[in-house]
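Student: Below is the structure I would like to discuss, written out as structure tokens.
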Protein chains: 2
Amino acid sequence: MALYVKKFGGSSVATPEKMLNIANRVLRDRKPGDKIVIVVSAMGDTTDDLLDLASQVSSVNHGREMDMLLATGEQMSIALMAMTFKKLGVPAISLTGPQAGIIAGGAYGKATIDDVKPDRVLRELEEGKIVIVAGFQGLMPNGDVATLGRGGSDATAVALAGAMHADMCEIFTDVDGIYSADPRHVKGCVKMKEITNTEMLEMARLGAGVMQPRSVELGMKYHIPIHVRSTFTDEEGTIIREVCTMDGKNEAVRGVAQDAHAARIAVLGLRNIPGVAYMVFSALAEDNITVDMIVQSVRNSNDDKTDIIFTIEDTDLPDAKRVLEQMRDEGKLEEVIYDDDTAKVSVVGAGMLGTPGVAARMFGALGRAGVNIDIVSTSEISISCLILRKDLDKAVQAIHDEFFPAAKAE
Amino acid sequence: MALYVKKFGGSSVATPEKMLNIANRVLRDRKPGDKIVIVVSAMGDTTDDLLDLASQVSSVNHGREMDMLLATGEQMSIALMAMTFKKLGVPAISLTGPQAGIIAGGAYGKATIDDVKPDRVLRELEEGKIVIVAGFQGLMPNGDVATLGRGGSDATAVALAGAMHADMCEIFTDVDGIYSADPRHVKGCVKMKEITNTEMLEMARLGAGVMQPRSVELGMKYHIPIHVRSTFTDEEGTIIREVCTMDGKNEAVRGVAQDAHAARIAVLGLRNIPGVAYMVFSALAEDNITVDMIVQSVRNSNDDKTDIIFTIEDTDLPDAKRVLEQMRDEGKLEEVIYDDDTAKVSVVGAGMLGTPGVAARMFGALGRAGVNIDIVSTSEISISCLILRKDLDKAVQAIHDEFFPAAKAE
């Protein structure tokens, strides 16, 4: 007997027929006494259709009213999903995010889950029902519904699982697990049976797209294992948990992440005095520009000028240009050079700290592949290199071949 | 300065463009300081589309889950309507039925409004916002949303107006008021400026379709005048209120109602003993069959048998047949004769009581038109005749011509 929270995304519930497939699968997997909570997203293109309707009204950001509109998408899904179970003769009930006790805070359109009060969910489970909860939405303190932003349905599932001390949160998606690299770009990828929360977070931060970081963080916070697996096959996927128990726990490198959207900025001729880095980065932070890798270099000991090179998301480049060019015009720096043809490749692994030579092996693989390294940055569990974007696929493949030679040979 | 509740039906809000028209009209009519609450239905065919989706899942009656599904229709409307006002630079906020304090009871799919707690609506009005409320839905004691059934959005508007002591509840619809008869069937109909609640209720009960009886009853209960008017013109419509102040208050007959769906049943050869009528009608009531006109006739004083003739809605005929034929098989009555080719024509007017000869004029008009009268029944403010369905249009026109001769001459 166990308590499971299972989340199905929009493509998994796009039609009544697909809902029936899901219901049959859930019932087939259920063991006697199991309690099941299902979190669903809006059906297929529903959210896009609603956004389109709103855009016919006006193009401004509608905040609260947009959330009122978008919340109907998940509400439709849960009602139809509950009907599907009832048609199969299985007691089921649908609950909106607010009814399920998902307490939200922050801004409309990208609210955070501040608390979960799962009383009603637990009561309905006690009565033997399968409980269907609307993902992506929560109750604001003023009684309004708010949407949780990108990856919000995953967050709903993990937070509910945490608040109810579920045995497992299963995220059913269109990929069948977490791989050692992105299978769309790299040959010979290995599906991991397990990965730690911190490794998964680092992978997500460095560009791996399967899970949003905040859902992984919620899993950490609530000590809930998250099983990422395919909607369309019965195969086991990847379990994200605090400590790996099986394969890979002794491997230095667990995965190779890539991010094609890194832009490189070189700020030249800054006065080399304390606080100069603060001056640059606080100005960027004020414009909500997140800075990633940073290198500061002193030209030589007699020079009173310094250079700073850093990376940002390429979508922030226009804003960064505006901020930095104003500083240049004010005489605070001499020159700014922008490159948006750069990319970042990283290796991630919690075992890296205790394993000498990981960086050397990474640099060696890149060198043999003829890839030039521009900037290097490291964390406790990762090493990242900035390279030219045109070299990205070659670089990721070379690094992956270095650390996963068995997969290469297959 | 006044407080208005304005209700717009599904065809009035079918597209973003139509919503813009409504918003512009509301703003044009608004005087400084006016407070406006707008109740809307689901856009155009949305409800039918949702019902169709549900029917793809299963054909059973889904109760709670169907209400969860259908409630999204109005929620979409209110969000888009609020965006429309905001686009025009006017503060507005959308509220679901539960958020607006519509407290529901009874059964899912046809819930009643048991109470209204308009605190939040009043607070938002105080802040200068136009408040958009989802019609057709309310909050059940267990925290669920329920739909109010046919005419539910009208009921939401009237109940809200009542709870907030609004100056007027305006029902915008595709007809421009209440007429002395159904303009689709009768020539020379007169639009009434006013009609009393009791007259309107009687008209609705006897077949006039513009307003559902329960909304009129809510208007009576809360002493709220209801202005029925057209979405598409600026013309005044008809005000339903407790006491008429203007035209028509001295007229004996205010309107002619027609009901083509009356079926006639003659139950012959019942034992003429006390309780025999109870036996027949309680059996029908148990099957939720509503009986309308009733005539009981004793054959002659020496006969111990009696006959009862009554009418029901023709849609209830199969159920009634089943009930009565079982009683016949049990020997409780001798014979049952069914006629589903009958119809009912009625005159309604609160002044009828003090005006002798109304019935005579009605019977005279029917006689001159060559229409045979089968059954007659009367209430304090109405007289109804059962006739053959094929005579219905002729009968209504003749009676209307008799009581509204000026309109005929026009």
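The way I read the labels, and the way they are meant: chains A, B, ... in the order of the structure tokens, residue 1 as the first residue of every chain, and ligand 1 as the first ligand shown, with later ones counted on from there.
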May I have chain B as a compact mmCIF listing (two decimals) with C-alpha atoms, in the first residue's frame, after a least-squares superposition on chain A that uses all C-alpha atoms paired in order?

Tutor:
```
# COMPACT_ATOMS: atom_id res chain seq x y z
CA MET B 1 0.02 0.04 -0.01
CA ALA B 2 1.48 3.35 -1.01
CA LEU B 3 0.57 6.94 -1.89
CA TYR B 4 1.51 8.08 -5.38
CA VAL B 5 1.22 11.46 -7.07
CA LYS B 6 1.28 11.08 -10.86
CA LYS B 7 1.57 14.06 -13.17
CA PHE B 8 0.56 13.97 -16.83
CA GLY B 9 1.36 16.83 -19.20
CA GLY B 10 -0.83 18.46 -21.82
CA SER B 11 0.11 16.15 -24.70
CA SER B 12 -0.79 13.12 -22.53
CA VAL B 13 -4.34 14.40 -21.96
CA ALA B 14 -4.91 16.05 -25.35
CA THR B 15 -8.04 14.02 -26.24
CA PRO B 16 -10.71 11.98 -24.42
CA GLU B 17 -9.11 8.89 -25.96
CA LYS B 18 -5.70 9.70 -24.49
CA MET B 19 -7.33 10.31 -21.12
CA LEU B 20 -8.83 6.84 -21.32
CA ASN B 21 -5.38 5.40 -22.01
CA ILE B 22 -4.00 7.16 -18.96
CA ALA B 23 -6.85 5.99 -16.76
CA ASN B 24 -6.39 2.40 -17.89
CA ARG B 25 -2.67 2.58 -17.24
CA VAL B 26 -3.11 4.08 -13.78
CA LEU B 27 -5.63 1.38 -12.87
CA ARG B 28 -3.43 -1.40 -14.24
CA ASP B 29 -0.44 -0.21 -12.19
CA ARG B 30 -2.46 0.29 -9.01
CA LYS B 31 -1.96 -2.30 -6.28
CA PRO B 32 -4.67 -3.01 -3.70
CA GLY B 33 -4.80 -0.22 -1.15
CA ASP B 34 -2.72 2.20 -3.21
CA LYS B 35 -3.82 5.81 -3.03
CA ILE B 36 -3.52 7.79 -6.24
CA VAL B 37 -3.44 11.53 -6.87
CA ILE B 38 -3.23 12.61 -10.51
CA VAL B 39 -2.09 16.09 -11.51
CA VAL B 40 -2.91 17.15 -15.05
CA SER B 41 -2.13 20.08 -17.32
CA ALA B 42 -4.47 21.66 -19.85
CA MET B 43 -5.40 19.52 -22.86
CA GLY B 44 -3.07 19.80 -25.85
CA ASP B 45 -3.26 23.27 -27.36
CA THR B 46 -5.89 24.62 -24.97
CA THR B 47 -3.55 27.08 -23.30
CA ASP B 48 -2.39 28.43 -26.66
CA ASP B 49 -6.01 28.78 -27.78
CA LEU B 50 -6.83 30.75 -24.64
CA LEU B 51 -3.79 32.98 -25.11
CA ASP B 52 -4.94 33.58 -28.66
CA LEU B 53 -8.42 34.58 -27.46
CA ALA B 54 -6.87 37.01 -24.98
CA SER B 55 -4.64 38.50 -27.68
CA GLN B 56 -7.78 39.27 -29.69
CA VAL B 57 -8.94 41.41 -26.78
CA SER B 58 -5.71 43.26 -26.24
CA SER B 59 -1.98 42.83 -26.30
CA VAL B 60 -1.17 44.11 -22.83
CA ASN B 61 -0.15 41.77 -20.04
CA HIS B 62 -3.39 40.95 -18.25
CA GLY B 63 -1.94 39.52 -15.01
CA ARG B 64 -4.79 38.45 -12.77
CA GLU B 65 -7.35 38.25 -15.57
CA MET B 66 -5.04 36.17 -17.76
CA ASP B 67 -4.67 33.72 -14.88
CA MET B 68 -8.45 33.62 -14.44
CA LEU B 69 -8.66 32.72 -18.14
CA LEU B 70 -5.80 30.21 -18.29
CA ALA B 71 -6.95 28.38 -15.14
CA THR B 72 -9.98 27.14 -17.09
CA GLY B 73 -7.68 24.95 -19.21
CA GLU B 74 -6.65 22.69 -16.35
CA GLN B 75 -10.17 22.78 -14.90
CA MET B 76 -11.50 21.28 -18.12
CA SER B 77 -8.86 18.53 -18.00
CA ILE B 78 -9.57 17.49 -14.42
CA ALA B 79 -13.33 17.31 -14.95
CA LEU B 80 -12.99 15.16 -18.06
CA MET B 81 -10.33 12.98 -16.43
CA ALA B 82 -12.59 12.36 -13.41
CA MET B 83 -15.48 11.48 -15.75
CA THR B 84 -13.17 9.03 -17.50
CA PHE B 85 -12.45 7.15 -14.28
CA LYS B 86 -16.11 7.19 -13.29
CA LYS B 87 -17.05 5.76 -16.65
CA LEU B 88 -14.69 2.88 -15.85
CA GLY B 89 -16.58 2.38 -12.59
CA VAL B 90 -13.81 3.81 -10.39
CA PRO B 91 -14.66 6.51 -7.81
CA ALA B 92 -12.84 9.71 -8.69
CA ILE B 93 -13.11 13.42 -8.00
CA SER B 94 -11.58 16.48 -9.59
CA LEU B 95 -10.18 19.36 -7.54
CA THR B 96 -8.92 22.73 -8.76
CA GLY B 97 -5.58 23.94 -7.45
CA PRO B 98 -7.31 26.12 -4.84
CA GLN B 99 -9.58 23.23 -3.78
CA ALA B 100 -6.54 20.98 -3.44
CA GLY B 101 -4.98 23.47 -1.05
CA ILE B 102 -2.22 24.77 -3.31
CA ILE B 103 -1.48 28.12 -1.66
CA ALA B 104 0.27 30.52 -4.01
CA GLY B 105 2.17 33.77 -3.59
CA GLY B 106 4.21 36.17 -5.67
CA ALA B 107 3.14 37.53 -9.00
CA TYR B 108 0.24 36.46 -11.23
CA GLY B 109 1.41 34.41 -14.19
CA LYS B 110 4.49 33.12 -12.36
CA ALA B 111 3.26 32.52 -8.84
CA THR B 112 5.19 30.32 -6.43
CA ILE B 113 3.76 27.60 -4.18
CA ASP B 114 4.05 29.02 -0.69
CA ASP B 115 2.20 26.27 1.15
CA VAL B 116 0.09 23.18 0.58
CA LYS B 117 -2.95 22.35 2.71
CA PRO B 118 -3.98 18.96 1.38
CA ASP B 119 -6.83 18.29 3.85
CA ARG B 120 -9.48 17.83 1.21
CA VAL B 121 -7.24 15.70 -1.01
CA LEU B 122 -6.52 13.42 1.95
CA ARG B 123 -10.22 13.22 2.86
CA GLU B 124 -11.20 12.24 -0.68
CA LEU B 125 -8.41 9.64 -0.78
CA GLU B 126 -9.67 8.21 2.51
CA GLU B 127 -13.07 7.76 0.86
CA GLY B 128 -11.41 5.56 -1.74
CA LYS B 129 -11.40 8.04 -4.59
CA ILE B 130 -8.76 8.73 -7.17
CA VAL B 131 -8.16 12.46 -6.82
CA ILE B 132 -7.52 14.52 -9.97
CA VAL B 133 -5.86 17.88 -9.27
CA ALA B 134 -5.44 20.81 -11.67
CA GLY B 135 -1.77 21.59 -12.10
CA PHE B 136 -0.28 25.00 -12.81
CA GLN B 137 -2.60 26.91 -10.46
CA GLY B 138 -2.97 27.94 -6.84
CA LEU B 139 -4.99 30.12 -4.49
CA MET B 140 -3.70 33.60 -3.71
CA PRO B 141 -4.25 35.07 -0.22
CA ASN B 142 -7.01 37.32 -1.59
CA GLY B 143 -9.00 34.35 -2.91
CA ASP B 144 -7.90 34.70 -6.52
CA VAL B 145 -6.54 31.92 -8.68
CA ALA B 146 -3.00 32.39 -9.98
CA THR B 147 -0.99 30.36 -12.44
CA LEU B 148 2.43 29.04 -11.54
CA GLY B 149 4.31 29.72 -14.77
CA ARG B 150 6.53 27.40 -16.75
CA GLY B 151 6.80 23.90 -15.28
CA GLY B 152 4.01 24.78 -12.87
CA SER B 153 2.20 21.45 -13.13
CA ASP B 154 5.36 19.58 -12.15
CA ALA B 155 5.67 21.91 -9.19
CA THR B 156 2.07 21.21 -8.17
CA ALA B 157 2.70 17.47 -8.26
CA VAL B 158 5.94 17.57 -6.27
CA ALA B 159 4.61 20.00 -3.68
CA LEU B 160 1.44 17.94 -3.17
CA ALA B 161 3.51 14.77 -2.88
CA GLY B 162 5.68 16.49 -0.30
CA ALA B 163 2.83 17.83 1.80
CA MET B 164 1.15 14.41 1.85
CA HIS B 165 4.38 12.48 2.44
CA ALA B 166 3.78 10.48 -0.71
CA ASP B 167 6.01 7.54 -1.47
CA MET B 168 6.78 8.77 -4.95
CA CYS B 169 5.99 11.59 -7.36
CA GLU B 170 5.87 10.33 -10.92
CA ILE B 171 6.25 12.84 -13.76
CA PHE B 172 4.92 11.28 -16.97
CA THR B 173 6.29 13.09 -19.99
CA ASP B 174 7.23 12.64 -23.64
CA VAL B 175 10.80 11.61 -22.81
CA ASP B 176 11.48 8.37 -20.99
CA GLY B 177 13.98 9.63 -18.43
CA ILE B 178 17.07 11.70 -17.78
CA TYR B 179 19.99 10.92 -20.08
CA SER B 180 23.72 11.44 -19.75
CA ALA B 181 23.32 14.09 -22.46
CA ASP B 182 20.59 15.36 -24.78
CA PRO B 183 19.72 12.40 -27.06
CA ARG B 184 18.66 14.82 -29.79
CA HIS B 185 22.27 16.02 -30.10
CA VAL B 186 24.53 13.28 -28.78
CA LYS B 187 25.00 9.69 -29.92
CA GLY B 188 25.27 6.90 -27.37
CA CYS B 189 23.45 8.62 -24.51
CA VAL B 190 22.85 6.54 -21.42
CA LYS B 191 19.58 6.72 -19.50
CA MET B 192 20.24 7.07 -15.79
CA LYS B 193 18.33 4.92 -13.34
CA GLU B 194 18.91 7.51 -10.66
CA ILE B 195 20.32 10.99 -10.23
CA THR B 196 20.67 13.09 -7.09
CA ASN B 197 18.67 16.27 -6.58
CA THR B 198 21.81 18.39 -6.60
CA GLU B 199 23.09 16.82 -9.79
CA MET B 200 19.71 17.27 -11.45
CA LEU B 201 19.54 20.88 -10.34
CA GLU B 202 22.99 21.51 -11.74
CA MET B 203 22.05 19.78 -15.00
CA ALA B 204 18.91 21.94 -15.24
CA ARG B 205 20.84 25.11 -14.43
CA LEU B 206 23.41 24.27 -17.10
CA GLY B 207 20.87 23.66 -19.83
CA ALA B 208 19.25 20.22 -19.49
CA GLY B 209 15.56 20.82 -20.15
CA VAL B 210 13.56 17.87 -18.81
CA MET B 211 12.69 19.30 -15.38
CA GLN B 212 12.42 22.90 -14.24
CA PRO B 213 14.82 23.66 -11.39
CA ARG B 214 12.10 24.70 -8.96
CA SER B 215 10.34 21.35 -9.11
CA VAL B 216 13.64 19.63 -8.33
CA GLU B 217 14.14 22.06 -5.46
CA LEU B 218 10.67 21.24 -4.11
CA GLY B 219 11.57 17.55 -4.25
CA MET B 220 14.71 18.30 -2.22
CA LYS B 221 12.83 20.44 0.27
CA TYR B 222 10.15 17.82 0.89
CA HIS B 223 12.43 14.73 0.54
CA ILE B 224 10.23 13.31 -2.22
CA PRO B 225 11.74 11.06 -4.88
CA ILE B 226 10.66 12.10 -8.40
CA HIS B 227 10.33 9.46 -11.09
CA VAL B 228 10.61 10.98 -14.58
CA ARG B 229 9.21 8.51 -17.10
CA SER B 230 7.38 8.12 -20.38
CA THR B 231 3.62 8.39 -20.78
CA PHE B 232 3.79 6.04 -23.71
CA THR B 233 5.83 3.08 -22.45
CA ASP B 234 5.90 1.01 -19.28
CA GLU B 235 9.68 1.23 -18.99
CA GLU B 236 11.19 2.61 -15.81
CA GLY B 237 12.52 6.13 -16.21
CA THR B 238 14.92 8.04 -13.98
CA ILE B 239 14.43 8.64 -10.27
CA ILE B 240 15.61 11.96 -8.88
CA ARG B 241 16.34 11.46 -5.18
CA GLU B 242 18.58 12.61 -2.36
CA VAL B 243 21.08 9.75 -2.45
CA CYS B 244 21.56 7.36 -5.33
CA THR B 245 21.36 3.73 -4.33
CA MET B 246 22.18 1.97 -7.55
CA ASP B 247 24.17 2.63 -10.66
CA GLY B 248 26.34 5.60 -11.08
CA LYS B 249 26.78 6.61 -7.49
CA ASN B 250 30.54 6.16 -7.85
CA GLU B 251 30.88 7.76 -11.24
CA ALA B 252 32.60 11.12 -11.29
CA VAL B 253 30.64 12.44 -14.24
CA ARG B 254 26.92 11.69 -14.51
CA GLY B 255 25.95 13.88 -17.39
CA VAL B 256 26.98 16.36 -20.03
CA ALA B 257 24.84 19.49 -20.36
CA GLN B 258 24.79 22.01 -23.15
CA ASP B 259 23.48 25.52 -23.50
CA ALA B 260 23.48 27.10 -26.93
CA HIS B 261 22.08 30.38 -25.61
CA ALA B 262 25.11 31.81 -23.84
CA ALA B 263 26.21 35.25 -25.01
CA ARG B 264 29.67 36.57 -24.11
CA ILE B 265 30.34 40.14 -23.11
CA ALA B 266 33.79 41.64 -22.59
CA VAL B 267 33.89 44.92 -20.68
CA LEU B 268 37.25 46.53 -21.24
CA GLY B 269 39.07 49.36 -19.52
CA LEU B 270 37.35 49.54 -16.18
CA ARG B 271 39.15 51.43 -13.45
CA ASN B 272 40.82 48.80 -11.29
CA ILE B 273 39.45 49.85 -7.92
CA PRO B 274 37.38 47.99 -5.31
CA GLY B 275 33.71 47.97 -6.14
CA VAL B 276 34.10 48.18 -9.88
CA ALA B 277 32.67 44.66 -10.44
CA TYR B 278 29.79 45.56 -8.15
CA MET B 279 29.08 48.63 -10.22
CA VAL B 280 28.77 46.60 -13.43
CA PHE B 281 26.83 43.65 -12.07
CA SER B 282 24.43 45.60 -9.87
CA ALA B 283 23.46 47.70 -12.89
CA LEU B 284 22.73 44.49 -14.82
CA ALA B 285 20.84 42.95 -11.89
CA GLU B 286 18.61 46.00 -11.69
CA ASP B 287 17.50 45.15 -15.21
CA ASN B 288 16.85 41.52 -14.21
CA ILE B 289 19.76 40.25 -16.28
CA THR B 290 21.29 37.09 -14.84
CA VAL B 291 25.03 36.77 -15.23
CA ASP B 292 26.54 33.29 -15.46
CA MET B 293 30.30 32.76 -15.92
CA ILE B 294 32.59 35.62 -14.84
CA VAL B 295 36.33 36.18 -15.40
CA GLN B 296 38.12 39.28 -14.23
CA SER B 297 41.64 39.91 -15.42
CA VAL B 298 44.14 42.57 -14.43
CA ARG B 299 46.12 43.63 -17.46
CA ASN B 300 49.38 44.10 -15.59
CA SER B 301 50.34 45.36 -12.19
CA ASN B 302 51.19 48.86 -13.44
CA ASP B 303 47.94 49.35 -15.25
CA ASP B 304 45.07 50.94 -13.37
CA LYS B 305 42.55 49.40 -15.74
CA THR B 306 40.91 45.97 -15.62
CA ASP B 307 38.75 43.87 -17.98
CA ILE B 308 35.77 41.73 -17.05
CA ILE B 309 34.41 38.99 -19.28
CA PHE B 310 31.09 37.32 -18.49
CA THR B 311 28.20 35.45 -20.06
CA ILE B 312 24.44 36.05 -20.04
CA GLU B 313 21.45 34.47 -21.79
CA ASP B 314 21.46 35.68 -25.36
CA THR B 315 17.85 36.88 -25.04
CA ASP B 316 19.08 39.42 -22.47
CA LEU B 317 21.65 40.85 -24.87
CA PRO B 318 19.66 43.93 -26.04
CA ASP B 319 18.97 44.95 -22.42
CA ALA B 320 22.60 44.40 -21.45
CA LYS B 321 23.80 46.50 -24.37
CA ARG B 322 21.62 49.39 -23.29
CA VAL B 323 22.88 49.27 -19.70
CA LEU B 324 26.55 48.91 -20.59
CA GLU B 325 26.58 51.48 -23.35
CA GLN B 326 25.14 54.02 -20.99
CA MET B 327 28.01 53.28 -18.59
CA ARG B 328 30.46 53.68 -21.46
CA ASP B 329 28.94 57.02 -22.41
CA GLU B 330 29.30 58.11 -18.79
CA GLY B 331 33.04 57.28 -19.00
CA LYS B 332 32.89 54.42 -16.52
CA LEU B 333 34.43 51.95 -18.97
CA GLU B 334 36.26 52.16 -22.25
CA GLU B 335 34.80 49.52 -24.51
CA VAL B 336 32.29 46.66 -24.62
CA ILE B 337 32.57 43.69 -26.99
CA TYR B 338 29.59 41.38 -27.55
CA ASP B 339 29.67 37.84 -28.91
CA ASP B 340 26.41 35.97 -29.39
CA ASP B 341 28.04 33.08 -31.23
CA THR B 342 29.16 31.31 -28.05
CA ALA B 343 27.83 28.27 -26.21
CA LYS B 344 28.48 26.45 -22.96
CA VAL B 345 29.24 22.80 -22.42
CA SER B 346 29.36 21.31 -18.91
CA VAL B 347 30.01 18.06 -17.08
CA VAL B 348 28.03 17.35 -13.91
CA GLY B 349 28.60 14.77 -11.17
CA ALA B 350 28.50 14.74 -7.40
CA GLY B 351 31.50 12.38 -7.36
CA MET B 352 33.69 14.87 -9.19
CA LEU B 353 35.04 16.40 -5.99
CA GLY B 354 36.72 13.18 -4.95
CA THR B 355 37.96 12.28 -8.43
CA PRO B 356 41.09 14.08 -9.63
CA GLY B 357 41.59 14.75 -13.28
CA VAL B 358 38.01 15.30 -14.44
CA ALA B 359 38.80 18.79 -15.71
CA ALA B 360 41.93 17.56 -17.44
CA ARG B 361 40.02 14.78 -19.20
CA MET B 362 37.35 17.29 -20.30
CA PHE B 363 39.92 19.77 -21.66
CA GLY B 364 41.77 16.90 -23.36
CA ALA B 365 38.65 15.69 -25.11
CA LEU B 366 37.91 19.22 -26.34
CA GLY B 367 41.48 19.70 -27.50
CA ARG B 368 41.52 16.47 -29.48
CA ALA B 369 38.24 17.53 -31.10
CA GLY B 370 39.85 20.82 -32.07
CA VAL B 371 37.56 22.90 -29.87
CA ASN B 372 39.00 26.07 -28.38
CA ILE B 373 38.08 26.91 -24.78
CA ASP B 374 37.34 30.55 -24.03
CA ILE B 375 36.27 30.64 -20.38
CA VAL B 376 36.16 27.94 -17.70
CA SER B 377 34.04 27.99 -14.58
CA THR B 378 33.55 25.38 -11.91
CA SER B 379 31.19 24.53 -9.08
CA GLU B 380 31.45 21.75 -6.52
CA ILE B 381 29.74 19.34 -8.87
CA SER B 382 30.32 20.76 -12.33
CA ILE B 383 32.85 22.15 -14.79
CA SER B 384 31.72 24.40 -17.63
CA CYS B 385 33.55 25.64 -20.71
CA LEU B 386 32.51 28.49 -22.97
CA ILE B 387 33.21 27.64 -26.61
CA LEU B 388 32.13 28.81 -30.06
CA ARG B 389 28.54 27.87 -30.81
CA LYS B 390 29.49 26.21 -34.10
CA ASP B 391 31.64 23.74 -32.11
CA LEU B 392 28.89 22.81 -29.64
CA ASP B 393 27.69 19.48 -31.04
CA LYS B 394 31.23 18.32 -31.68
CA ALA B 395 32.27 19.34 -28.17
CA VAL B 396 29.40 17.63 -26.38
CA GLN B 397 29.94 14.42 -28.34
CA ALA B 398 33.68 14.43 -27.61
CA ILE B 399 33.19 14.97 -23.89
CA HIS B 400 30.43 12.36 -23.74
CA ASP B 401 32.63 9.84 -25.55
CA GLU B 402 35.40 10.53 -23.04
CA PHE B 403 33.30 9.87 -19.94
CA PHE B 404 30.88 7.26 -21.37
CA PRO B 405 33.15 5.12 -23.53
CA ALA B 406 31.00 1.99 -23.18
CA ALA B 407 28.01 3.82 -24.62
CA LYS B 408 30.18 4.99 -27.49
CA ALA B 409 31.25 1.40 -28.27
CA GLU B 410 27.67 0.12 -28.38
```

Student: Please identify the helix (DSSP H, G or I) residues within stretch 17-209 of chain B (assignment by DSSP from backbone atoms) and present them as a ChimeraX atom specification.

Tutor: /B:17-29,46-57,64-87,119-126,152-163,197-205

Student: Can you tell me, as an NGL selection string, which residues in stretch 187-335 of chain A count as strand (DSSP E or B) by DSSP?

Tutor: :A and (191 or 194-196 or 226-230 or 238-241 or 255-259 or 262-271 or 291-298 or 305-313 or 335)
